[in-house]
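Peer 1: Next comes run_8.tsv, TSV, C-alpha atoms:
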```tsv
chain	number	residue	atom	x	y	z
C	32	MET	CA	-104.64	45.48	15.30
C	33	SER	CA	-102.65	42.94	17.32
C	34	SER	CA	-105.08	43.52	20.20
C	35	ASP	CA	-107.86	42.14	17.97
C	36	PHE	CA	-105.66	39.14	17.21
C	37	GLU	CA	-104.94	38.60	20.90
C	38	GLY	CA	-108.67	38.77	21.66
C	39	TYR	CA	-109.29	36.12	19.01
C	40	GLU	CA	-106.45	34.06	20.51
C	41	GLN	CA	-108.08	34.15	23.92
C	42	ASP	CA	-111.46	33.18	22.48
C	43	PHE	CA	-109.82	30.35	20.54
C	44	ALA	CA	-108.02	29.09	23.65
C	45	VAL	CA	-111.25	29.03	25.67
C	46	LEU	CA	-113.13	27.34	22.84
C	47	THR	CA	-110.47	24.67	22.28
C	48	ALA	CA	-110.35	23.91	26.01
C	49	GLU	CA	-114.13	23.41	26.01
C	50	LEU	CA	-113.95	21.30	22.90
C	51	THR	CA	-111.21	19.09	24.32
C	52	SER	CA	-113.25	18.51	27.45
C	53	LYS	CA	-116.44	17.75	25.54
C	54	ILE	CA	-114.77	15.52	22.97
C	55	SER	CA	-113.22	13.39	25.70
C	56	ARG	CA	-116.65	12.96	27.37
C	57	VAL	CA	-118.56	11.89	24.22
C	58	PRO	CA	-117.81	8.13	24.39
C	59	ARG	CA	-118.82	7.90	28.05
C	60	LEU	CA	-122.21	9.61	27.80
C	61	PRO	CA	-125.59	7.83	27.58
C	62	PRO	CA	-126.83	7.50	23.96
C	63	ASP	CA	-129.35	10.36	23.98
C	64	GLU	CA	-126.87	12.77	25.60
C	65	LYS	CA	-124.19	11.68	23.11
C	66	LYS	CA	-126.28	12.84	20.16
C	67	GLN	CA	-126.74	16.26	21.75
C	68	MET	CA	-123.08	16.53	22.68
C	69	VAL	CA	-121.97	15.54	19.15
C	70	ALA	CA	-124.22	18.23	17.65
C	71	HIS	CA	-122.94	20.82	20.13
C	72	VAL	CA	-119.29	19.91	19.46
C	73	GLU	CA	-119.87	20.21	15.70
C	74	LYS	CA	-121.23	23.75	16.20
C	75	GLN	CA	-118.27	24.71	18.38
C	76	LEU	CA	-115.82	23.28	15.85
C	77	GLU	CA	-117.42	25.50	13.22
C	78	GLU	CA	-117.03	28.50	15.56
C	79	ALA	CA	-113.36	27.61	16.04
C	80	ARG	CA	-112.86	27.45	12.26
C	81	GLU	CA	-114.44	30.89	11.92
C	82	LEU	CA	-112.17	32.26	14.66
C	83	LEU	CA	-109.15	30.88	12.80
C	84	GLU	CA	-110.32	32.63	9.63
C	85	GLN	CA	-110.70	35.91	11.52
C	86	MET	CA	-107.24	35.48	13.02
C	87	ASP	CA	-105.81	34.73	9.57
C	88	LEU	CA	-107.37	37.93	8.21
C	89	GLU	CA	-105.85	39.91	11.10
C	90	VAL	CA	-102.41	38.42	10.37
C	91	ARG	CA	-102.66	39.53	6.74
C	92	GLU	CA	-103.23	43.13	7.88
C	93	ILE	CA	-100.17	43.18	10.15
C	94	PRO	CA	-97.05	44.89	8.71
C	95	PRO	CA	-94.63	42.39	7.10
C	96	GLN	CA	-91.84	42.95	9.64
C	97	SER	CA	-94.13	41.81	12.50
C	98	ARG	CA	-96.03	39.15	10.59
C	99	GLY	CA	-93.59	36.26	11.14
C	100	MET	CA	-94.37	35.76	14.82
C	101	TYR	CA	-98.11	35.81	14.17
C	102	SER	CA	-97.77	33.43	11.23
C	103	ASN	CA	-96.00	30.90	13.46
C	104	ARG	CA	-98.79	31.17	15.99
C	105	MET	CA	-101.37	30.64	13.25
C	106	ARG	CA	-99.61	27.46	12.12
C	107	SER	CA	-99.72	26.04	15.63
C	108	TYR	CA	-103.40	27.01	16.01
C	109	LYS	CA	-104.24	25.31	12.71
C	110	GLN	CA	-102.39	22.19	13.84
C	111	GLU	CA	-104.31	22.24	17.09
C	112	MET	CA	-107.57	22.62	15.17
C	113	GLY	CA	-106.67	19.64	12.98
C	114	LYS	CA	-105.90	17.63	16.11
C	115	LEU	CA	-109.27	18.55	17.62
C	116	GLU	CA	-111.06	17.46	14.46
C	117	THR	CA	-109.16	14.16	14.46
C	118	ASP	CA	-109.99	13.62	18.13
C	119	PHE	CA	-113.63	14.36	17.41
C	120	LYS	CA	-113.69	11.83	14.55
C	121	ARG	CA	-112.15	9.20	16.81
C	122	SER	CA	-114.61	10.07	19.54
C	123	ARG	CA	-117.50	9.69	17.09
C	124	ILE	CA	-116.11	6.36	15.94
C	125	ALA	CA	-115.91	5.24	19.55
C	126	TYR	CA	-119.45	6.53	19.95
C	127	SER	CA	-120.68	4.51	16.95
C	128	ASP	CA	-118.72	1.44	18.15
C	129	GLU	CA	-120.43	1.70	21.53
C	130	VAL	CA	-123.85	2.03	19.88
C	131	ARG	CA	-123.11	-1.04	17.77
C	132	ASN	CA	-121.93	-2.93	20.86
C	133	GLU	CA	-125.08	-1.94	22.72
C	134	LEU	CA	-127.25	-3.14	19.84
C	135	LEU	CA	-125.35	-6.40	19.54
C	136	GLY	CA	-125.12	-6.92	23.29
C	137	ASP	CA	-121.32	-6.84	23.26
C	138	ASP	CA	-119.85	-5.36	26.43
C	139	GLY	CA	-116.52	-4.61	24.76
C	140	ASN	CA	-113.05	-5.82	25.43
C	141	SER	CA	-110.90	-4.44	28.23
C	142	SER	CA	-107.85	-4.46	25.93
C	143	GLU	CA	-109.74	-2.16	23.54
C	144	ASN	CA	-110.51	0.13	26.45
C	145	GLN	CA	-106.87	0.12	27.45
C	146	ARG	CA	-105.86	0.83	23.85
C	147	ALA	CA	-108.32	3.73	23.67
C	148	HIS	CA	-106.99	5.04	26.98
C	149	LEU	CA	-103.40	4.81	25.71
C	150	LEU	CA	-104.35	6.60	22.48
C	151	ASP	CA	-106.06	9.31	24.49
C	152	ASN	CA	-103.00	9.78	26.69
C	153	THR	CA	-100.70	9.80	23.67
C	154	GLU	CA	-102.82	12.45	21.99
C	155	ARG	CA	-102.77	14.59	25.13
C	156	LEU	CA	-99.01	14.24	25.28
C	157	GLU	CA	-98.69	15.25	21.63
C	158	ARG	CA	-100.93	18.28	22.18
C	159	SER	CA	-98.86	19.30	25.18
C	160	SER	CA	-95.67	18.86	23.16
C	161	ARG	CA	-97.03	21.06	20.38
C	162	ARG	CA	-98.00	23.73	22.90
C	163	LEU	CA	-94.53	23.58	24.44
C	164	GLU	CA	-92.94	23.88	21.00
C	165	ALA	CA	-95.15	26.87	20.20
C	166	GLY	CA	-94.19	28.44	23.54
C	167	TYR	CA	-90.53	27.80	22.82
C	168	GLN	CA	-90.87	29.43	19.39
C	169	ILE	CA	-92.47	32.49	20.97
C	170	ALA	CA	-89.67	32.64	23.56
C	171	VAL	CA	-87.02	32.44	20.82
C	172	GLU	CA	-88.73	35.17	18.81
C	173	THR	CA	-89.03	37.33	21.91
C	174	GLU	CA	-85.36	36.80	22.66
C	175	GLN	CA	-84.44	37.86	19.11
C	176	ILE	CA	-86.57	40.98	19.38
C	177	GLY	CA	-84.98	41.78	22.75
C	178	GLN	CA	-81.50	41.31	21.28
C	179	GLU	CA	-82.32	43.71	18.44
C	180	MET	CA	-83.67	46.26	20.90
C	181	LEU	CA	-80.50	46.01	23.02
C	182	GLU	CA	-78.36	46.55	19.94
C	183	ASN	CA	-80.43	49.59	18.94
C	184	LEU	CA	-80.17	50.99	22.46
C	185	SER	CA	-76.39	50.45	22.41
C	186	HIS	CA	-76.08	52.37	19.12
C	187	ASP	CA	-78.28	55.14	20.50
C	188	ARG	CA	-76.12	55.32	23.63
C	189	GLU	CA	-72.99	55.71	21.50
C	190	LYS	CA	-74.62	58.51	19.50
C	191	ILE	CA	-75.68	60.30	22.68
C	192	GLN	CA	-72.17	59.98	24.13
C	193	ARG	CA	-70.62	61.37	20.91
C	194	ALA	CA	-73.10	64.25	20.93
C	195	ARG	CA	-72.33	64.95	24.61
C	196	GLU	CA	-68.57	64.98	23.85
C	197	ARG	CA	-69.10	67.41	20.96
C	198	LEU	CA	-71.17	69.59	23.26
C	199	ARG	CA	-68.34	69.63	25.83
C	200	GLU	CA	-65.81	70.53	23.12
C	201	THR	CA	-68.08	73.27	21.83
C	202	ASP	CA	-68.53	74.59	25.37
C	203	ALA	CA	-64.76	74.61	25.90
C	204	ASN	CA	-64.23	76.39	22.57
C	205	LEU	CA	-66.89	78.95	23.50
C	206	GLY	CA	-65.13	79.53	26.82
C	207	LYS	CA	-61.81	80.10	25.01
C	208	SER	CA	-63.49	82.40	22.50
C	209	SER	CA	-65.10	84.35	25.30
C	210	ARG	CA	-61.75	84.83	27.06
C	211	ILE	CA	-60.05	85.91	23.82
C	212	LEU	CA	-62.82	88.40	23.08
C	213	THR	CA	-62.67	89.74	26.63
C	214	GLY	CA	-58.91	90.14	26.29
C	215	MET	CA	-59.32	91.91	22.94
C	216	LEU	CA	-61.89	94.26	24.42
C	217	ARG	CA	-59.54	95.21	27.27
C	218	ARG	CA	-56.75	96.17	24.85
```
As structure tokens, what does this structure read like?

Peer 2:
Amino acid sequence: MSSDFEGYEQDFAVLTAELTSKISRVPRLPPDEKKQMVAHVEKQLEEARELLEQMDLEVREIPPQSRGMYSNRMRSYKQEMGKLETDFKRSRIAYSDEVRNELLGDDGNSSENQRAHLLDNTERLERSSRRLEAGYQIAVETEQIGQEMLENLSHDREKIQRARERLRETDANLGKSSRILTGMLRR
């Protein structure tokens, strides 16, 4: 079951990477290519939403004790999806602003371009921060699982050592019993 989820995760990662690339290119494309790109991005966003729904269904089928880690991943994926949709809206606004500027003959202001560039860089930084936080969460969860496994192994080791000691005692007692019986048989 988790293998299905991981397959969906990989598909989602590829799709979001494509979407990020395409969304960032929308404002810089010629008008006729922009329309095509906007339509294509909308289709891919719908595919990403469907993948998230599939992933959510997979998480619901996972046993409750393992569900927490997958739920955290889902939250980060949903945040990333929201960010992509926001970026796309901004890109479309920039697209419509450029169309308006072309119609009005306005070349645009360099400070607006700088502002847009700063916003783009800030958004990238925020996305990277969210990915780092998600990675950190996964690392913490993995560490907790590892700690639990080490504790279980330690308990198992103690049980095995106790069983081995009982076996030695039983072997010693059997040896004594054997000697006593041999002595009794000789008499």

Peer 1: What does the distance from CA of Glu164 in chain C to CA of Glu77 in chain C come to in Å, to one decimal?

Peer 2: 25.7 Å

Peer 1: When you draw a straight line from CA of Glu89 in chain C to CA of Phe36 in chain C, how long is it in Å?

Peer 2: 6.2 Å

Peer 1: What lies within 12 Å of range 107-117 of chain C using all atoms listed in the file, ignoring chain neighbours under 3 positions off, as JSON, numbers by chain?

Peer 2: {"C": [39, 40, 41, 43, 44, 46, 47, 48, 49, 50, 51, 52, 53, 54, 55, 72, 73, 75, 76, 77, 78, 79, 80, 81, 82, 83, 84, 86, 87, 100, 101, 102, 103, 104, 120, 121, 122, 123, 124, 151, 154, 155, 156, 157, 158, 159, 160, 161, 162, 163, 164, 165, 166, 167, 168, 169]}

Peer 1: What is the distance between CA of Gly38 in chain C and CA of Ile93 in chain C, in Å to one decimal?

Peer 2: 15.0 Å

Peer 1: Residues near Val57 in chain C, anyone? I mean within 9 Å using all atoms listed in the file, not counting same-chain ones fewer than 6 positions away, as a ChimeraX atom specification.

Peer 2: /C:64-66,68-69,119,122-123,125-126
